[in-house]
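Notes to accompany the following structure.
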Amino acid sequence: MPNYAVIAWIVGLPLAGFVALGLLGRRYFRGMSGVIGTLVVSISTGLSLWTAYRYFAACLVNGHCGAQVVSLKADWLSFGRGLSINMSVIVDPISVMMIVVVGLVSLMVHVFSLGYMRGEERYGTYYAFLGLFTASMLGLVLSGNLLETYIFWELVGCSSFLLIGYYYDRPTAVAAAKKAFIVTRFADLGFLVGILILSFQAKTLDFQGLIAALLDPRLPHTTFLGVSLLSWGLALVFVGGAGKSAMFPLHIWLPDAMEGPTPVSALIHAATMVVAGVYLVARLFVLYAADPAVLQIVLYAGVFSALLAAIIACTQTDIKRVLAYSTMSQIGYMMFALGAYGYTASMYHLFTHAFFKALLFLCAGVIIHQVHSNEMKDMGGLRKVMPLTHGCFLVACLAISGIPPFSGFFSKEEILLAAWHANKFVYGMGLFTSGLTAFYMFRLYFSVFWSRPAEGHAHRIPVVESVPLVILALGAAFAGFVPFSRLMGAGGVAEAGGGPGAGWAAEVGGAFSRMAIAPVALALVGIALAAYLYRRESDRPAKVAAALGGLYRWAYHKFYVDEIYLFITRKIIFNLIGRPAAWIDRNIVDGMINLLAAVTARIATAIKGFQSGKVQDYALYFFAGIAGLAVLFIYIYT
């Protein structure tokens with residue numbers, strides 16, 4: 001049984017660090033802010049690992065993992081009879097797995113930033129924001145009801161806004177922070193409406209009570225526009241998840257979020273903000289599985305986002321943008337795995353992805369510090385200059401490409417197996433996307449570390465930066481051997497492929513089954529093609545781009561989705577809605593208020609003589625009133 005005081009400390013320590021560093025860091029702690037923030041998060045992460053060890057050890061002994069929920073005694077909010085909200089904690093396999101992932105990645109980012117961000121003017125503020133982000137994400141995954149989840153959900157959005165816009169003196173960073181905040185707010189409106197619909201139907205917000213009530217066959221079948229309220233609620237909740245996880249067409253904020261410090265990118269992309277949407281759908285997976293129509297939306301939104309992002313990543317030249325679109329593609333994999341009834345596969349990929357994606361971004365940070373540029377054209381030949389970074393980056397590339405025996409192979413092949421059983425067309429799209437993933441990642445690898453002769457002496461990075469790289473590289477290499485399917489389950493839902501443990505993650509030997517041949521072969525073809533084009537400097541990439549013509553231009557310009565948004569907002573919304581609304585506000589609303597004020601002023605001017613302050617005037621009004629009353633009296637009674 002978990003100790004719930006420990007759970008409180010896991011969330012409370014990073015939150016306390018945020019308050020202390022935010023209020024006192026610049027004045028009292030100064031250069032020690034990073035050490036204090038890292039120490040706080042390291043204790044929280046240690047408690048997370050201890051909780052996970054005790055919980056999963058008990059699971060293996062008992063043969064199953066069950067959810068344990070403790071509601072605090074006092075009602076937090078009461079909306080009337082039968083509907084109140086208690087602050088609650090849910091401890092089950094997915095929440096325990098998530099606190100480990102969030103804690104480990106956050107700790108690695110904190111340690112890495114000790115060297116990477118040293119000397120920054122707002123050093124203490126940076127660590128305060130990291131603490132808020134970590135506490136918000138930990139609170140989100142441990143929340144026991146939907147509204148509590150929504151509160152932490154918004155705190156994650158707020159803290160990401162602060163981190164993306166950390167360099168507030170750069171207009172591009174400010175614009176990126178606002179873009180991320182605004183786009184996700186539109187999605188979060190859908191999430192909030194979905195919460196209201198589901199809670200109205202279930203008469204509760206607690207996850208366990210909500211799921212039990214909505215699956216009750218005695219629940220009245222209420223529809224709106226011919227669609228059940230359950231379907232509406234689940235679809236709108238997914239809209240919120242799609243915004244946070246940068247699914248098409250709500251993905252436009254993610255590439256611009258690279259304007260924040262590179263360690264922030266590792267934190268956002270690896271295990272926190274962008275996987276929050278996947279976690280949300282997984283948390284309500286039993287409900288989604290009971291509504292195949294909505295699950296189809298999740299399936300196709302995920303696979304289309306994965307393919308679109310992979311195509312765009314093949315053309316980008318900014319190292320962080322390539323990794324950003326890679327994140328979008330991998331999150332798409334997790335989403336369409338859920339849509340294909342591959343709950344365990346999705347959570348497994350979330351787990352392995354955290355290691356290799358955090359590693360890729362931290363390596364990118366070291367590279368950018370070395371060459372002082374984000375552009376791949378300014379890089380090349382760094383394998384001998386940066387041997388440790390080169391080795392770690394290669395491990396991460398092999399893992400994300402699905403090459404055995406690295407971690408991404410196991411989880412990605414589980415997803416493809418689920419897709420094979422659920423939908424052959426989606427399987428084909430996922431298989432093609434896996435080949436593109438290997439191509440664009442090794443395009444990046446060869447462009448950065450090969451392509452030209454090595455120059456300069458070996459670059460030694462600080463220990464506080466190298467240690468996180470090594471730890472994450474070990475995770476990227478060996479996390480696939482975790483017996484994940486024995487620890488995770490879909491709450492009784494029959495998964496594609498026969499349920500938990502039916503895929504390759506069940507045993508290492510299963511990883512080399514015939515179903516693995518096609519993905520691995522396609523990945524090797526992608527790597528070979530990338531080596532042919534980018535291992536040495538040549539005009540081959542330019543010739544290929546010219547041969548592809550319009551397709552390459554469209555992909556390079558991200559299929560003009562940003563331009564479409566700008567056209568819709570500036571030409572349609574601003575012109576057809578904004579300007580008429582402004583005219584009505586200025587001329588009708590303001591005009592009525594101004595008219596009322598003018599009439600009031602006229603009346604006040606006309607009657608202000610009654611308050612002149614002259615005694616003789618008041619005497620005259622008094623006798624006039626007496627005379628008037630006398631006349632009225634005589635008129636009535638004669």
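For the structure tokens, the naming scheme is as follows: chains receive sequential letters (A, B, ...) according to their order of presentation, residues are indexed from 1 within each chain, and ligands are indexed from 1 in presentation order.
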* To do: Identify all residues of stretch 76-315 of chain A in strand (DSSP E or B) (DSSP on the backbone) and supply them as a VMD selection string.
  => chain A and resid 76 to 78 84 to 91 143 145 206 223 to 224 227 to 228
Sorted per-residue table, stretch 139-187 of chain A near stretch 115-125 of chain A, closest atoms and distance, 12 Å, only C-alpha atoms, as a Markdown table:
| residue | atom | partner | partner_atom | distance |
| --- | --- | --- | --- | --- |
| A:Ser159 | CA | A:Thr125 | CA | 11.7 |
| A:Leu162 | CA | A:Thr125 | CA | 9.8 |
| A:Leu163 | CA | A:Thr125 | CA | 9.7 |
| A:Tyr166 | CA | A:Arg122 | CA | 8.7 |
| A:Tyr167 | CA | A:Arg122 | CA | 9.2 |
| A:Tyr168 | CA | A:Arg122 | CA | 10.6 |
| A:Asp169 | CA | A:Glu121 | CA | 11.8 |
* Compare A:Gly241, A:Phe18, A:Gly475, A:Ser44 by their minimum atom-to-atom distance to A:Leu132, counting only C-alpha atoms, and give me the closest one. => A:Phe18
What are the closest atom pairs, with distances in Å to one decimal, for all residues of stretch 216-256 of chain A lying within 9 Å of stretch 299-309 of chain A? Consider only C-alpha atoms, order rows by chain and residue number, and present the result as a tab-separated table.
residue	atom	partner	partner_atom	distance
A:Ala242	CA	A:Ala301	CA	8.5
A:Ala246	CA	A:Ser305	CA	8.5
A:Met247	CA	A:Ser305	CA	5.7
A:Phe248	CA	A:Ser305	CA	5.4
A:Pro249	CA	A:Ser305	CA	8.3
A:His251	CA	A:Ser305	CA	8.6
* Which of stretch 189-344 of chain A DSSP labels helix (DSSP H, G or I), written as JSON, numbers by chain -> {"A": [189, 190, 191, 192, 193, 194, 195, 196, 197, 198, 199, 200, 201, 202, 207, 208, 209, 210, 211, 212, 213, 214, 229, 230, 231, 232, 233, 234, 235, 236, 237, 238, 239, 240, 241, 242, 243, 244, 253, 254, 255, 256, 257, 258, 259, 262, 263, 264, 265, 266, 267, 268, 269, 270, 273, 274, 275, 276, 277, 278, 279, 280, 281, 282, 283, 285, 286, 287, 288, 289, 292, 293, 294, 295, 296, 297, 298, 299, 300, 301, 302, 303, 304, 305, 306, 307, 308, 309, 310, 311, 312, 313, 319, 320, 321, 322, 323, 324, 325, 326, 327, 328, 329, 330, 331, 332, 333, 334, 335, 336, 337, 338, 339, 343, 344]}
* Asked: Residues at most 12 Å from stretch 464-470 of chain A, counting only C-alpha atoms, excluding those fewer than 3 positions away in the same chain, as a ChimeraX atom specification?
  -> /A:34-35,38,104-118,263,266,355-367,369,386-396,459-461,473-477
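Once A:Met97 and its same-chain neighbours fewer than 3 positions away are set aside, Ala52, Pro93, Ile94, Val100, Val101 and Phe351 of chain A remain within 8 Å of it when counting only C-alpha atoms.
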Selection file, all heavy atoms, as a short mmCIF file (atom, residue, chain, number, x, y, z; two decimals), in the first residue's frame:
data_model
loop_
_atom_site.label_atom_id
_atom_site.label_comp_id
_atom_site.auth_asym_id
_atom_site.auth_seq_id
_atom_site.Cartn_x
_atom_site.Cartn_y
_atom_site.Cartn_z
N ALA A 52 7.06 3.75 -6.53
CA ALA A 52 6.89 2.83 -7.66
C ALA A 52 7.43 1.45 -7.34
O ALA A 52 6.82 0.43 -7.68
CB ALA A 52 7.59 3.40 -8.90
N PRO A 93 -1.43 1.80 -11.82
CA PRO A 93 -0.22 1.61 -12.63
C PRO A 93 0.16 2.82 -13.48
O PRO A 93 1.33 3.18 -13.57
CB PRO A 93 -0.57 0.40 -13.50
CG PRO A 93 -1.53 -0.37 -12.68
CD PRO A 93 -2.35 0.64 -11.94
N ILE A 94 -0.83 3.47 -14.12
CA ILE A 94 -0.49 4.57 -15.02
C ILE A 94 0.01 5.79 -14.24
O ILE A 94 0.97 6.46 -14.65
CB ILE A 94 -1.70 4.93 -15.92
CG1 ILE A 94 -1.31 6.03 -16.90
CG2 ILE A 94 -2.90 5.34 -15.13
CD1 ILE A 94 -2.40 6.36 -17.88
N VAL A 100 7.13 8.49 -12.03
CA VAL A 100 8.53 8.09 -12.24
C VAL A 100 9.09 8.79 -13.48
O VAL A 100 10.19 9.36 -13.45
CB VAL A 100 8.64 6.56 -12.39
CG1 VAL A 100 10.04 6.17 -12.85
CG2 VAL A 100 8.32 5.89 -11.06
N VAL A 101 8.33 8.78 -14.57
CA VAL A 101 8.79 9.40 -15.82
C VAL A 101 8.98 10.89 -15.64
O VAL A 101 10.02 11.46 -15.99
CB VAL A 101 7.79 9.10 -16.95
CG1 VAL A 101 8.10 9.94 -18.17
CG2 VAL A 101 7.84 7.61 -17.32
N PHE A 351 6.63 5.66 -22.07
CA PHE A 351 7.72 5.40 -21.13
C PHE A 351 9.08 5.44 -21.82
O PHE A 351 10.00 6.13 -21.38
CB PHE A 351 7.47 4.05 -20.46
CG PHE A 351 8.54 3.61 -19.51
CD1 PHE A 351 8.68 4.22 -18.27
CD2 PHE A 351 9.42 2.58 -19.83
CE1 PHE A 351 9.66 3.82 -17.38
CE2 PHE A 351 10.40 2.17 -18.94
CZ PHE A 351 10.52 2.79 -17.72
#
